[in-house]
Amino acid sequence: MRNPLALFIAAIAFAVGLYFGLQRAPAPLSLQNATVLEPARAIAPFSLQSTRATTFDNAALSGRWTLVFFGFTRCPDICPTTLQLLSDARQALRDDFPDKALPDILLVSVDPARDTIDALQSYTAYFGDGVYGARAAEPELARFTRDLGIVYQKVPLADDDYTMDHSAAILLVGPEARLRAVFTPPIRRDDFVADLNTILEDLT
């Protein structure tokens, strides 16, 4: 027959361990469109050009939160709609976060043949403060997008014209230049603002 005192002590020890284990375990975030990556994922070394700097690499993403979207300046609907959503969300966060904590918004072009730095500068300027663009020629662009799980494809149109199909996900890169969260479409403004606010409060 087992010792009742030993069983009692073991039960108390288990209960105490369970209590402290639950205290240490973070509660899951309540999110609509976002998936937080735990742990944050490193981004492979890259080298782009941006409207802010001739050389744009991993170090350029350090020190601030950045919302990254892939698109192109001749995009008829998804790109301008998404960039406006991101800009509106950035403005909505001003009541809860100081300017230095607000995320920057980065458009990475998937159409480098037409999207020069000047074209990106003019295009991103329409969407307000904190919005800028970047580009890279092939094969650097393909390496960068592949590492982040982004796909894009050139689609021929009439008269030797073309458009670009591309992923519509929004990536959140943290101040340590690691991928922290992914927002997947369909994305609604209020849900996006709420998710972003929750993530920044939890991870900042």
# chains A, B, ... in the order shown; residues from 1 in each chain; ligands from 1
>>> closest_atom_pairs(of="segment 128-160 of chain A", to="segment 79-97 of chain A", cutoff="10 Å", atoms="only C-alpha atoms", output="CSV")
residue,atom,partner,partner_atom,distance
A:Gly128,CA,A:Ser87,CA,6.8
A:Asp129,CA,A:Ser87,CA,7.9
A:Gly130,CA,A:Ser87,CA,8.1
A:Val131,CA,A:Ser87,CA,7.6
>>> residues_around(residues="Gly71 of chain A", least_positions_apart="3", cutoff="12 Å", atoms="only C-alpha atoms", output="VMD selection string")
chain A and resid 68 74 to 83 106 to 112 115 120 123 to 124 133 to 135 145 150 to 154 163 to 170
>>> closest_residue(among="A:Phe127, A:Leu48, A:Ala137, A:Gly63", to="Thr204 of chain A", atoms="only C-alpha atoms")
A:Gly63
>>> atom_distance(atom1="atom CA of Thr73 of chain A", atom2="atom CA of Thr116 of chain A")
9.7 Å
>>> closest_residue(among="A:Ser30, A:Asn197, A:Thr35, A:Thr55", to="Phe183 of chain A", atoms="only C-alpha atoms")
A:Thr35
>>> atom_distance(atom1="atom CA of Pro45 of chain A", atom2="atom CA of Pro175 of chain A")
15.8 Å
>>> atom_distance(atom1="atom CA of Leu179 of chain A", atom2="atom CA of Arg114 of chain A")
27.8 Å
>>> closest_residue(among="A:Ala44, A:Ala194, A:Ile105, A:Ile199", to="Leu148 of chain A", atoms="only C-alpha atoms")
A:Ala44
